[in-house]
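Peer 1: The file below is entry12.tsv, TSV, C-alpha atoms:
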chain	number	residue	atom	x	y	z
A	1	MET	CA	-3.30	-5.01	-39.97
A	2	THR	CA	-3.14	-7.29	-36.92
A	3	LEU	CA	0.26	-8.53	-38.02
A	4	ALA	CA	1.56	-4.99	-38.43
A	5	LEU	CA	0.27	-4.05	-34.95
A	6	ASN	CA	1.85	-7.17	-33.43
A	7	VAL	CA	5.19	-6.39	-35.07
A	8	PHE	CA	4.92	-2.82	-33.75
A	9	THR	CA	4.24	-4.16	-30.22
A	10	VAL	CA	7.14	-6.61	-30.29
A	11	VAL	CA	9.59	-3.98	-31.61
A	12	CYS	CA	8.53	-1.38	-29.04
A	13	VAL	CA	8.51	-3.72	-26.05
A	14	VAL	CA	11.89	-5.22	-26.98
A	15	ALA	CA	13.36	-1.72	-27.37
A	16	GLY	CA	11.89	-0.78	-23.99
A	17	ALA	CA	13.36	-3.90	-22.38
A	18	ILE	CA	16.78	-2.99	-23.82
A	19	PHE	CA	16.56	0.45	-22.18
A	20	PHE	CA	15.63	-1.21	-18.86
A	21	LEU	CA	18.61	-3.57	-19.21
A	22	ALA	CA	20.95	-0.68	-20.03
A	23	GLY	CA	19.57	1.32	-17.09
A	24	THR	CA	20.13	-1.61	-14.73
A	25	VAL	CA	23.67	-2.18	-15.98
A	26	GLY	CA	24.35	1.53	-15.49
A	27	LEU	CA	22.90	1.41	-11.98
A	28	LEU	CA	25.25	-1.43	-11.10
A	29	ARG	CA	28.38	-0.17	-12.87
A	30	PHE	CA	28.43	3.64	-12.63
A	31	PRO	CA	30.78	5.09	-10.03
A	32	ASP	CA	28.69	7.65	-8.09
A	33	THR	CA	25.12	8.55	-7.17
A	34	LEU	CA	24.57	11.26	-9.79
A	35	THR	CA	25.66	9.08	-12.71
A	36	ARG	CA	23.60	6.20	-11.36
A	37	LEU	CA	20.54	8.50	-11.27
A	38	HIS	CA	21.28	9.39	-14.89
A	39	ALA	CA	21.21	5.68	-15.80
A	40	LEU	CA	17.92	5.13	-13.94
A	41	THR	CA	16.06	7.91	-15.73
A	42	LYS	CA	16.65	6.16	-19.05
A	43	ALA	CA	14.86	3.05	-17.79
A	44	ASP	CA	11.96	5.07	-16.37
A	45	ASN	CA	11.39	7.52	-19.17
A	46	LEU	CA	12.27	5.68	-22.37
A	47	GLY	CA	12.02	2.06	-21.26
A	48	LEU	CA	8.60	2.35	-19.67
A	49	GLY	CA	7.46	4.79	-22.37
A	50	LEU	CA	8.34	2.37	-25.18
A	51	ILE	CA	6.68	-0.57	-23.40
A	52	MET	CA	3.57	1.57	-22.85
A	53	LEU	CA	3.60	2.58	-26.52
A	54	GLY	CA	3.94	-1.04	-27.58
A	55	LEU	CA	0.98	-2.13	-25.45
A	56	LEU	CA	-1.32	0.68	-26.63
A	57	PRO	CA	-2.72	-1.20	-29.68
A	58	HIS	CA	-3.87	-4.03	-27.39
A	59	VAL	CA	-5.96	-2.16	-24.80
A	60	ASP	CA	-9.74	-2.11	-25.03
A	61	GLY	CA	-11.09	1.32	-25.82
A	62	PRO	CA	-9.78	4.85	-25.41
A	63	PHE	CA	-10.16	4.75	-21.60
A	64	GLY	CA	-7.82	1.77	-21.32
A	65	ALA	CA	-5.28	3.66	-23.44
A	66	LEU	CA	-5.71	6.76	-21.29
A	67	LYS	CA	-5.03	4.68	-18.15
A	68	LEU	CA	-1.78	3.34	-19.64
A	69	VAL	CA	-0.62	6.82	-20.61
A	70	ALA	CA	-1.57	8.09	-17.14
A	71	VAL	CA	0.55	5.36	-15.52
A	72	TRP	CA	3.55	6.46	-17.59
A	73	VAL	CA	3.04	10.16	-16.86
A	74	LEU	CA	2.67	9.47	-13.10
A	75	VAL	CA	5.85	7.39	-13.06
A	76	LEU	CA	7.63	10.22	-14.92
A	77	VAL	CA	6.52	12.84	-12.40
A	78	ALA	CA	7.35	10.65	-9.41
A	79	SER	CA	10.76	9.47	-10.65
A	80	ALA	CA	11.84	12.93	-11.81
A	81	SER	CA	10.94	14.43	-8.40
A	82	ALA	CA	12.57	11.56	-6.51
A	83	SER	CA	15.76	11.97	-8.60
A	84	GLN	CA	15.82	15.69	-7.77
A	85	LEU	CA	15.41	14.95	-4.06
A	86	ILE	CA	18.17	12.32	-4.06
A	87	ALA	CA	20.51	14.62	-6.01
A	88	ARG	CA	19.83	17.48	-3.57
A	89	SER	CA	20.63	15.36	-0.56
A	90	VAL	CA	23.86	14.23	-2.27
A	91	ARG	CA	24.88	17.86	-2.85
A	92	LYS	CA	24.07	18.72	0.75
A	93	ASP	CA	26.35	15.92	1.97
A	94	GLN	CA	29.29	16.99	-0.22
B	1	MET	CA	6.38	-24.93	-19.56
B	2	SER	CA	3.75	-22.27	-20.10
B	3	VAL	CA	4.53	-18.56	-19.82
B	4	GLU	CA	2.35	-18.26	-16.72
B	5	VAL	CA	4.24	-20.99	-14.86
B	6	MET	CA	7.58	-19.42	-15.80
B	7	PHE	CA	6.36	-16.03	-14.58
B	8	SER	CA	5.17	-17.52	-11.28
B	9	ALA	CA	8.45	-19.38	-10.79
B	10	GLY	CA	10.40	-16.17	-11.46
B	11	VAL	CA	8.29	-14.19	-8.97
B	12	ALA	CA	8.60	-16.97	-6.37
B	13	LEU	CA	12.41	-16.99	-6.71
B	14	LEU	CA	12.55	-13.20	-6.46
B	15	VAL	CA	10.31	-13.23	-3.35
B	16	LEU	CA	12.59	-15.78	-1.68
B	17	GLY	CA	15.73	-13.86	-2.66
B	18	VAL	CA	14.42	-10.50	-1.41
B	19	ALA	CA	13.13	-12.14	1.79
B	20	ALA	CA	16.59	-13.57	2.44
B	21	TYR	CA	18.15	-10.16	1.79
B	22	THR	CA	15.66	-8.49	4.20
B	23	VAL	CA	16.88	-10.79	6.96
B	24	ALA	CA	20.57	-10.65	6.03
B	25	ALA	CA	20.98	-6.88	5.46
B	26	ARG	CA	22.75	-5.24	8.41
B	27	GLU	CA	21.62	-1.67	7.86
B	28	SER	CA	18.05	-0.82	8.83
B	29	PHE	CA	17.49	1.49	5.83
B	30	SER	CA	18.41	-1.22	3.28
B	31	THR	CA	16.27	-3.73	5.17
B	32	ILE	CA	13.24	-1.45	4.91
B	33	VAL	CA	13.77	-0.77	1.20
B	34	ALA	CA	14.06	-4.54	0.65
B	35	PHE	CA	10.89	-5.05	2.70
B	36	VAL	CA	8.94	-2.61	0.49
B	37	VAL	CA	10.21	-4.40	-2.64
B	38	TYR	CA	9.19	-7.67	-0.98
B	39	GLY	CA	5.64	-6.34	-0.48
B	40	LEU	CA	5.39	-5.27	-4.13
B	41	LEU	CA	6.68	-8.67	-5.31
B	42	LEU	CA	4.15	-10.41	-3.04
B	43	SER	CA	1.36	-8.41	-4.64
B	44	LEU	CA	2.61	-9.61	-8.05
B	45	ALA	CA	2.47	-13.17	-6.67
B	46	TRP	CA	-1.13	-12.62	-5.52
B	47	MET	CA	-1.96	-11.38	-9.03
B	48	GLY	CA	-0.44	-14.61	-10.35
B	49	LEU	CA	-2.86	-16.50	-8.07
B	50	HIS	CA	-5.78	-14.45	-9.51
B	51	ALA	CA	-6.45	-12.69	-6.21
B	52	PRO	CA	-6.41	-9.01	-7.26
B	53	ASP	CA	-8.18	-7.87	-4.06
B	54	VAL	CA	-5.41	-9.30	-1.89
B	55	ALA	CA	-2.77	-7.95	-4.30
B	56	LEU	CA	-4.16	-4.40	-4.03
B	57	THR	CA	-4.21	-4.52	-0.24
B	58	GLU	CA	-0.70	-5.96	-0.10
B	59	ALA	CA	0.65	-3.25	-2.41
B	60	ALA	CA	-1.09	-0.42	-0.54
B	61	LEU	CA	-0.47	-1.64	3.02
B	62	GLY	CA	2.39	-4.19	2.94
B	63	GLY	CA	4.43	-2.15	0.49
B	64	GLY	CA	3.22	1.40	1.04
B	65	VAL	CA	1.97	2.23	4.54
B	66	THR	CA	4.10	-0.32	6.42
B	67	GLY	CA	7.16	0.90	4.52
B	68	ALA	CA	6.40	4.51	5.53
B	69	LEU	CA	5.86	3.42	9.17
B	70	LEU	CA	9.18	1.56	9.25
B	71	LEU	CA	11.05	4.45	7.59
B	72	GLY	CA	9.62	6.78	10.24
B	73	ALA	CA	10.82	4.44	13.00
B	74	CYS	CA	14.23	4.25	11.31
B	75	ALA	CA	14.49	8.06	11.16
B	76	ARG	CA	13.60	8.34	14.87
B	77	LEU	CA	16.16	5.73	15.87
B	78	ARG	CA	18.99	7.19	13.79
B	79	GLY	CA	22.19	7.59	15.79
B	80	GLU	CA	20.90	5.65	18.80
B	81	LYS	CA	22.59	2.52	20.03
B	82	PRO	CA	20.48	-0.65	20.33
B	83	SER	CA	19.51	-1.03	23.97
B	84	THR	CA	19.43	-4.83	24.03
B	85	ALA	CA	22.42	-7.13	23.77
B	86	GLU	CA	22.82	-9.26	20.65
B	87	LEU	CA	21.40	-12.77	20.73
B	88	GLY	CA	23.93	-15.40	21.69
B	89	LEU	CA	24.63	-18.56	19.73
B	90	ILE	CA	21.98	-20.53	21.64
B	91	GLY	CA	19.39	-17.81	21.13
B	92	ARG	CA	20.08	-17.71	17.40
B	93	GLY	CA	19.91	-21.49	17.18
B	94	LEU	CA	16.52	-21.47	18.94
B	95	ALA	CA	15.21	-18.73	16.63
B	96	LEU	CA	16.39	-20.73	13.61
B	97	LEU	CA	14.69	-23.89	14.93
B	98	LEU	CA	11.45	-22.00	15.57
B	99	CYS	CA	11.45	-20.48	12.07
B	100	LEU	CA	12.19	-23.86	10.48
B	101	GLY	CA	9.38	-25.40	12.53
B	102	VAL	CA	6.85	-22.77	11.42
B	103	THR	CA	7.93	-23.10	7.77
B	104	THR	CA	7.75	-26.92	7.75
B	105	GLY	CA	4.39	-26.74	9.52
B	106	LEU	CA	3.01	-24.37	6.86
B	107	ILE	CA	4.35	-26.53	4.03
B	108	ALA	CA	2.82	-29.62	5.65
B	109	VAL	CA	-0.55	-27.88	6.05
B	110	VAL	CA	-0.58	-26.88	2.37
B	111	PHE	CA	0.21	-30.43	1.27
B	112	LEU	CA	-2.32	-32.01	3.66
B	113	LEU	CA	-5.25	-29.90	2.36
B	114	PRO	CA	-8.09	-32.19	1.22
B	115	GLU	CA	-8.65	-32.36	-2.54
B	116	PRO	CA	-10.68	-30.37	-3.58
B	117	ALA	CA	-9.98	-27.78	-0.87
B	118	PRO	CA	-13.03	-26.87	1.25
B	119	THR	CA	-14.58	-23.66	-0.07
B	120	LEU	CA	-17.52	-21.38	0.56
B	121	ALA	CA	-17.02	-19.56	-2.74
B	122	PRO	CA	-20.16	-20.97	-4.48
B	123	GLU	CA	-22.37	-19.91	-1.55
B	124	ALA	CA	-20.71	-16.49	-1.46
B	125	VAL	CA	-21.48	-15.94	-5.15
B	126	GLN	CA	-25.01	-17.36	-4.80
B	127	ALA	CA	-26.04	-14.88	-2.10
B	128	LEU	CA	-24.50	-11.95	-4.00
B	129	ALA	CA	-27.87	-10.82	-5.41
B	130	SER	CA	-29.26	-10.15	-1.92
B	131	THR	CA	-26.49	-7.62	-1.22
B	132	GLY	CA	-26.74	-5.74	-4.51
B	133	LEU	CA	-22.94	-5.96	-4.90
B	134	GLY	CA	-21.00	-7.42	-7.80
B	135	ASN	CA	-17.72	-8.31	-6.10
B	136	PRO	CA	-17.96	-11.37	-3.83
B	137	VAL	CA	-14.89	-10.25	-1.83
B	138	THR	CA	-16.61	-6.97	-0.91
B	139	ALA	CA	-19.77	-8.94	-0.08
B	140	VAL	CA	-17.77	-11.08	2.37
B	141	LEU	CA	-16.13	-8.00	3.93
B	142	MET	CA	-19.19	-5.77	4.12
B	143	ALA	CA	-22.14	-8.17	4.43
B	144	TYR	CA	-21.41	-11.80	5.39
B	145	ARG	CA	-18.56	-11.01	7.79
B	146	ALA	CA	-19.27	-7.33	8.47
B	147	LEU	CA	-18.60	-7.76	12.20
B	148	ASP	CA	-15.00	-8.82	11.48
B	149	THR	CA	-14.50	-5.78	9.25
B	150	MET	CA	-15.86	-3.49	11.95
B	151	LEU	CA	-13.61	-4.99	14.62
B	152	GLU	CA	-10.66	-4.62	12.24
B	153	LYS	CA	-11.30	-0.88	12.20
B	154	VAL	CA	-11.44	-0.88	16.01
B	155	VAL	CA	-8.04	-2.62	16.06
B	156	LEU	CA	-6.65	0.04	13.71
B	157	LEU	CA	-7.89	2.76	16.07
B	158	LEU	CA	-6.40	0.93	19.06
B	159	ALA	CA	-3.05	0.88	17.24
B	160	LEU	CA	-3.22	4.67	16.93
B	161	VAL	CA	-4.13	4.97	20.63
B	162	ALA	CA	-1.07	2.85	21.43
B	163	VAL	CA	1.16	5.12	19.32
B	164	TRP	CA	-0.28	8.25	20.95
B	165	SER	CA	0.25	6.78	24.40
B	166	LEU	CA	4.01	7.02	23.74
B	167	ALA	CA	3.77	10.82	23.89
B	168	PRO	CA	5.46	12.58	26.81
B	169	ASP	CA	2.96	14.36	29.08
B	170	ARG	CA	4.08	17.88	28.15
B	171	PHE	CA	3.28	17.29	24.47
B	172	TRP	CA	-0.13	15.69	25.01
B	173	GLY	CA	-2.77	17.18	22.78
B	174	GLY	CA	-0.14	18.80	20.55
B	175	ARG	CA	0.99	18.19	17.01
B	176	PRO	CA	2.98	15.12	15.94
B	177	ALA	CA	6.61	15.91	15.15
B	178	PHE	CA	7.96	13.44	12.63
B	179	GLY	CA	11.64	12.83	12.13
B	180	TYR	CA	11.90	14.19	8.61
B	181	PRO	CA	12.71	17.75	7.64
B	182	VAL	CA	9.74	19.53	6.05
B	183	GLU	CA	10.73	20.95	2.68
B	184	THR	CA	8.70	23.69	1.09
B	185	GLY	CA	9.01	25.02	-2.43
B	186	GLY	CA	11.26	22.22	-3.71
B	187	PRO	CA	10.58	19.18	-5.88
B	188	LEU	CA	8.72	17.51	-3.01
B	189	SER	CA	6.14	20.26	-2.87
B	190	PHE	CA	5.77	20.10	-6.67
B	191	LEU	CA	5.23	16.34	-6.44
B	192	ALA	CA	2.69	16.79	-3.65
B	193	ARG	CA	0.77	19.44	-5.60
B	194	VAL	CA	0.56	17.15	-8.64
B	195	LEU	CA	-0.08	13.87	-6.82
B	196	ILE	CA	-2.55	14.86	-4.10
B	197	PRO	CA	-5.52	15.53	-6.43
B	198	VAL	CA	-4.68	12.40	-8.45
B	199	GLY	CA	-4.31	10.32	-5.27
B	200	VAL	CA	-7.59	11.52	-3.75
B	201	LEU	CA	-9.34	10.72	-7.03
B	202	ALA	CA	-7.69	7.29	-7.17
B	203	GLY	CA	-8.68	6.57	-3.55
B	204	ILE	CA	-12.32	7.49	-4.16
B	205	TYR	CA	-12.29	5.46	-7.37
B	206	LEU	CA	-10.86	2.41	-5.55
B	207	PHE	CA	-13.57	2.59	-2.87
B	208	TRP	CA	-16.35	3.15	-5.42
B	209	VAL	CA	-15.28	0.42	-7.84
B	210	GLY	CA	-14.93	-1.99	-4.88
B	211	ALA	CA	-18.65	-2.78	-5.09
B	212	ASP	CA	-18.22	-4.58	-8.40
B	213	ALA	CA	-14.49	-5.04	-8.96
B	214	PRO	CA	-11.31	-5.38	-6.88
B	215	GLY	CA	-10.84	-2.37	-4.60
B	216	GLY	CA	-12.66	-1.31	-1.45
B	217	ALA	CA	-12.55	0.95	1.55
B	218	PHE	CA	-9.21	-0.19	2.94
B	219	ALA	CA	-7.24	0.11	-0.30
B	220	GLY	CA	-8.93	3.44	-1.07
B	221	GLY	CA	-8.26	4.70	2.44
B	222	ALA	CA	-4.60	3.69	2.19
B	223	VAL	CA	-4.18	5.69	-1.04
B	224	ILE	CA	-5.89	8.72	0.52
B	225	SER	CA	-3.64	8.44	3.59
B	226	ALA	CA	-0.61	8.46	1.28
B	227	THR	CA	-1.71	11.80	-0.18
B	228	GLY	CA	-2.10	13.19	3.35
B	229	ILE	CA	1.38	12.01	4.36
B	230	LEU	CA	2.85	13.55	1.20
B	231	GLY	CA	1.12	16.83	2.04
B	232	PHE	CA	2.50	16.80	5.61
B	233	PHE	CA	6.07	16.14	4.46
B	234	ALA	CA	5.90	18.75	1.72
B	235	GLY	CA	4.64	21.29	4.26
B	236	LEU	CA	1.47	21.86	2.24
B	237	PHE	CA	-0.75	21.44	5.27
B	238	TRP	CA	-0.28	21.21	9.02
B	239	VAL	CA	-0.40	17.92	10.83
B	240	PRO	CA	-3.51	18.24	13.02
B	241	ALA	CA	-3.06	18.40	16.80
B	242	VAL	CA	-4.07	15.08	18.36
B	243	GLY	CA	-6.37	16.82	20.85
B	244	GLY	CA	-8.49	18.43	18.13
B	245	PHE	CA	-12.19	17.58	18.09
B	246	ARG	CA	-12.46	17.44	14.30
B	247	LEU	CA	-9.54	14.99	14.08
B	248	ARG	CA	-11.08	12.76	16.77
B	249	LEU	CA	-14.40	12.85	14.91
B	250	SER	CA	-12.72	11.85	11.62
B	251	LEU	CA	-10.98	8.96	13.36
B	252	VAL	CA	-14.13	7.42	14.80
B	253	ALA	CA	-16.52	8.30	11.94
B	254	GLY	CA	-16.14	4.92	10.20
B	255	ILE	CA	-16.74	2.85	13.33
B	256	ALA	CA	-19.55	5.15	14.50
B	257	VAL	CA	-21.49	4.84	11.24
B	258	PHE	CA	-20.87	1.08	11.23
B	259	LEU	CA	-22.17	0.79	14.81
B	260	LEU	CA	-25.24	2.94	14.13
B	261	VAL	CA	-26.17	0.82	11.11
B	262	GLY	CA	-25.45	-2.30	13.15
B	263	LEU	CA	-27.79	-1.17	15.93
B	264	GLY	CA	-30.34	-0.23	13.28
B	265	GLY	CA	-30.31	-3.91	12.36
B	266	PHE	CA	-32.38	-4.54	15.51
B	267	LEU	CA	-35.09	-2.26	14.10
B	268	TRP	CA	-35.49	-3.69	10.63
B	269	ALA	CA	-34.33	-7.28	10.93
B	270	SER	CA	-34.14	-7.98	14.68
B	271	HIS	CA	-30.43	-8.72	14.86
B	272	PHE	CA	-27.15	-6.81	15.00
B	273	LEU	CA	-25.63	-5.67	11.67
B	274	ALA	CA	-28.50	-6.93	9.52
B	275	TYR	CA	-29.04	-4.70	6.49
B	276	PRO	CA	-32.55	-3.66	5.43
B	277	GLU	CA	-33.82	-5.74	2.54
B	278	HIS	CA	-33.56	-4.10	-0.94
B	279	TYR	CA	-31.53	-1.24	0.57
B	280	ALA	CA	-28.41	-3.26	1.40
B	281	LYS	CA	-26.23	-1.61	-1.24
B	282	PRO	CA	-26.90	2.06	-0.36
B	283	VAL	CA	-26.34	1.26	3.32
B	284	ILE	CA	-23.06	-0.51	2.50
B	285	VAL	CA	-21.94	2.45	0.37
B	286	VAL	CA	-22.62	4.89	3.24
B	287	ILE	CA	-20.59	2.73	5.65
B	288	GLU	CA	-17.77	2.47	3.12
B	289	ILE	CA	-17.64	6.25	2.56
B	290	ALA	CA	-17.20	6.82	6.29
B	291	MET	CA	-14.72	3.95	6.57
B	292	THR	CA	-12.56	5.05	3.62
B	293	PHE	CA	-12.28	8.50	5.19
B	294	SER	CA	-11.51	7.19	8.70
B	295	VAL	CA	-8.99	4.60	7.45
B	296	GLY	CA	-7.23	7.33	5.45
B	297	VAL	CA	-6.98	9.67	8.45
B	298	THR	CA	-5.99	6.89	10.89
B	299	LEU	CA	-3.22	5.52	8.66
B	300	ALA	CA	-1.82	9.00	8.02
B	301	MET	CA	-1.81	9.80	11.76
B	302	LEU	CA	-0.15	6.43	12.48
B	303	VAL	CA	2.69	7.30	10.11
B	304	VAL	CA	3.33	10.78	11.58
B	305	GLY	CA	3.52	9.24	15.05
B	306	PRO	CA	2.90	10.48	18.59
B	307	PRO	CA	2.62	14.19	19.43
B	308	GLY	CA	6.05	15.76	19.84
B	309	LYS	CA	5.28	19.47	19.91
B	310	ALA	CA	3.31	21.27	22.57
B	311	LEU	CA	0.08	22.92	21.48
B	312	GLU	CA	0.56	26.58	20.62
B	313	PRO	CA	-1.62	28.79	22.80
Transcribe the structure of this file into structure tokens.
Peer 2:
Amino acid sequence: MTLALNVFTVVCVVAGAIFFLAGTVGLLRFPDTLTRLHALTKADNLGLGLIMLGLLPHVDGPFGALKLVAVWVLVLVASASASQLIARSVRKDQ
Amino acid sequence: MSVEVMFSAGVALLVLGVAAYTVAARESFSTIVAFVVYGLLLSLAWMGLHAPDVALTEAALGGGVTGALLLGACARLRGEKPSTAELGLIGRGLALLLCLGVTTGLIAVVFLLPEPAPTLAPEAVQALASTGLGNPVTAVLMAYRALDTMLEKVVLLLALVAVWSLAPDRFWGGRPAFGYPVETGGPLSFLARVLIPVGVLAGIYLFWVGADAPGGAFAGGAVISATGILGFFAGLFWVPAVGGFRLRLSLVAGIAVFLLVGLGGFLWASHFLAYPEHYAKPVIVVIEIAMTFSVGVTLAMLVVGPPGKALEP
């Protein structure tokens, strides 16, 4: 059981790290602000989500798990709103 | 090499790199963003040194509030030419020498520390029972060195007075006018509506848990101030006029309660800021409630700056 959980954690966290890497590469390589925002959301949503999922089996108790999920949800809300604000200011400048 | 050492080395390299970028960047906006990242990295470094209390304060103040203050200054200065001439070669050389001197001095001090380093930590933990607290850092801040903490709040208030004193006479007593456009009904107001309740809860939690775990009035107050700033910028609530009585009362509440309790020390223990025996913890909690509130209001008012709109009749 422990082995299975550990394998689950490693797979999830590695997958999350790959999304972060891809998001960073996109941020550095994409040509304009809107596409760069698109790359960033992948790191925030999927990357952090997968890492959070992978760490869930290792927290103590349901409250610890709830805290981790809350961190992910808060980052989602904040990054989605920030992306909207940045995109709006880009459109205003065009 | 253990994982912890590798992590610390990575953080140290990143801190140095971002610090160098903060100095080298030519545009003020990029410098400020780098400075905020620098603060967050520093708080990671403090976590690596097992100092979560310092890490929390660094993240909330060094990364958060200072970043907001600097961004506000940047917005106000946009489009204005620097009024001072650039430093000449000799000036730059002197600045470089001074910085190198300070850095070498600090390195020398760290290496010259006696082994083991002098510490009061055992005494601080030993006297913990008399305060009724579980976190020695809070005991130092609120009991052993309470006078320092009180004076720190006075300094914070003085900083706000200094900011307010920049107001032109015709705006005195009016509302602060910050350099950002207020946006209602957009994503910012959605974010504010979602985050303000969460932030207030998190701030109260940080203050409450500070008795037994890392946290405390300053970190809690900083989080609460962030929710206020978000509300101002999203147009959810008005920035209070600086002449208002209720605002003034909120600003001095923390210091006033602290002073009252301090004077009460003469009654029950015959010296300033002594807490009554067996009731130390409730008294400390009352002071911290008032302080968390005042710190939150003061930091938020610092960020929105001096009054820039005359008071409506």
Peer 1: Find the residues near B:Thr31: any atom within 12 Å, counting only C-alpha atoms, skip ones fewer than 4 places away on the same chain, and give them as a ChimeraX atom specification.
Peer 2: /B:18-27,35-38,67,70-71,74
Peer 1: When the cut-off is 12 Å and we count all atoms listed in the file, which residues of chain A are near chain B, given as a ChimeraX atom specification?
Peer 2: /A:67,70-71,73-89
Peer 1: Could you take the residues named above and write them with C-alpha atoms, as an mmCIF file, in the frame of the given file?
Peer 2:
data_model
loop_
_atom_site.group_PDB
_atom_site.id
_atom_site.type_symbol
_atom_site.label_atom_id
_atom_site.label_comp_id
_atom_site.auth_asym_id
_atom_site.auth_seq_id
_atom_site.Cartn_x
_atom_site.Cartn_y
_atom_site.Cartn_z
ATOM 1 C CA LYS A 67 -5.030 4.680 -18.150
ATOM 2 C CA ALA A 70 -1.570 8.090 -17.140
ATOM 3 C CA VAL A 71 0.550 5.360 -15.520
ATOM 4 C CA VAL A 73 3.040 10.160 -16.860
ATOM 5 C CA LEU A 74 2.670 9.470 -13.100
ATOM 6 C CA VAL A 75 5.850 7.390 -13.060
ATOM 7 C CA LEU A 76 7.630 10.220 -14.920
ATOM 8 C CA VAL A 77 6.520 12.840 -12.400
ATOM 9 C CA ALA A 78 7.350 10.650 -9.410
ATOM 10 C CA SER A 79 10.760 9.470 -10.650
ATOM 11 C CA ALA A 80 11.840 12.930 -11.810
ATOM 12 C CA SER A 81 10.940 14.430 -8.400
ATOM 13 C CA ALA A 82 12.570 11.560 -6.510
ATOM 14 C CA SER A 83 15.760 11.970 -8.600
ATOM 15 C CA GLN A 84 15.820 15.690 -7.770
ATOM 16 C CA LEU A 85 15.410 14.950 -4.060
ATOM 17 C CA ILE A 86 18.170 12.320 -4.060
ATOM 18 C CA ALA A 87 20.510 14.620 -6.010
ATOM 19 C CA ARG A 88 19.830 17.480 -3.570
ATOM 20 C CA SER A 89 20.630 15.360 -0.560
#
Peer 1: Which is closer to A:Asn45 than all the others in A:Val10, A:Ala4, A:His58, A:Gly16, using only C-alpha atoms?
Peer 2: A:Gly16
Peer 1: Please check which residues have atoms at most 12 Å from (24.7, 7.1, -12.6) in the file's coordinates, counting all atoms listed in the file, and write them as an mmCIF file with C-alpha atoms, in the frame of the given file.
Peer 2:
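New file out_21.cif:
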data_model
loop_
_atom_site.group_PDB
_atom_site.id
_atom_site.type_symbol
_atom_site.label_atom_id
_atom_site.label_comp_id
_atom_site.auth_asym_id
_atom_site.auth_seq_id
_atom_site.Cartn_x
_atom_site.Cartn_y
_atom_site.Cartn_z
ATOM 1 C CA ALA A 22 20.950 -0.680 -20.030
ATOM 2 C CA GLY A 23 19.570 1.320 -17.090
ATOM 3 C CA THR A 24 20.130 -1.610 -14.730
ATOM 4 C CA VAL A 25 23.670 -2.180 -15.980
ATOM 5 C CA GLY A 26 24.350 1.530 -15.490
ATOM 6 C CA LEU A 27 22.900 1.410 -11.980
ATOM 7 C CA LEU A 28 25.250 -1.430 -11.100
ATOM 8 C CA ARG A 29 28.380 -0.170 -12.870
ATOM 9 C CA PHE A 30 28.430 3.640 -12.630
ATOM 10 C CA PRO A 31 30.780 5.090 -10.030
ATOM 11 C CA ASP A 32 28.690 7.650 -8.090
ATOM 12 C CA THR A 33 25.120 8.550 -7.170
ATOM 13 C CA LEU A 34 24.570 11.260 -9.790
ATOM 14 C CA THR A 35 25.660 9.080 -12.710
ATOM 15 C CA ARG A 36 23.600 6.200 -11.360
ATOM 16 C CA LEU A 37 20.540 8.500 -11.270
ATOM 17 C CA HIS A 38 21.280 9.390 -14.890
ATOM 18 C CA ALA A 39 21.210 5.680 -15.800
ATOM 19 C CA LEU A 40 17.920 5.130 -13.940
ATOM 20 C CA THR A 41 16.060 7.910 -15.730
ATOM 21 C CA LYS A 42 16.650 6.160 -19.050
ATOM 22 C CA ALA A 43 14.860 3.050 -17.790
ATOM 23 C CA SER A 83 15.760 11.970 -8.600
ATOM 24 C CA ILE A 86 18.170 12.320 -4.060
ATOM 25 C CA ALA A 87 20.510 14.620 -6.010
#
Peer 1: Enter the distance from atom CA of B:Thr104 to atom CA of B:Trp46, in Å, rounded to one decimal.
Peer 2: 21.4 Å
Peer 1: For stretch 9-11 of chain B, find every residue with an atom within 8 Å (counting only C-alpha atoms), except residues of its own chain fewer than 4 positions away, and show them as a PDB file with C-alpha atoms, in the coordinates of the input.
Peer 2:
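What follows is the written file around.pdb:
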ATOM      1  CA  VAL B   5       4.240 -20.990 -14.860  1.00  0.00           C
ATOM      2  CA  VAL B  15      10.310 -13.230  -3.350  1.00  0.00           C
ATOM      3  CA  LEU B  41       6.680  -8.670  -5.310  1.00  0.00           C
ATOM      4  CA  LEU B  44       2.610  -9.610  -8.050  1.00  0.00           C
ATOM      5  CA  ALA B  45       2.470 -13.170  -6.670  1.00  0.00           C
TER       6      ALA B  45
END
Peer 1: For atom CA of B:Ile196 and atom CA of B:Val209, quote the distance in Å rounded to one decimal.
Peer 2: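 We find that atom CA of B:Ile196 and atom CA of B:Val209 lie 19.6 Å from each other.
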Peer 1: Using only C-alpha atoms, find the one residue out of B:Met47, B:Ile204, B:Leu249, B:Val242 that sits nearest to B:Ala167.
Peer 2: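 Smallest distance to B:Ala167 is found for B:Val242.
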Peer 1: Please report the interatomic distance between atom CA of B:Val65 and atom CA of B:Ala219 in Å with one decimal.
Peer 2: 10.6 Å
Peer 1: Given all atoms listed in the file as the basis, pick out the residue of B:Val303, B:Val285, B:Met291, B:Ala139 nearest to B:Glu152.
Peer 2: B:Met291
Peer 1: Tell me which residues come within 8 Å of (8.4, -3.7, -26.1), as a PyMOL selection string, counting all atoms listed in the file in the file's coordinates.
Peer 2: chain A and resi 9-17+50-55
Peer 1: Considering all atoms listed in the file, state which residue in the set B:Leu206, B:Ile224, B:Arg193, B:Tyr275 is at the smallest distance from B:Leu236.
Peer 2: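 With all atoms listed in the file as the atom set, the closest residue is B:Arg193.
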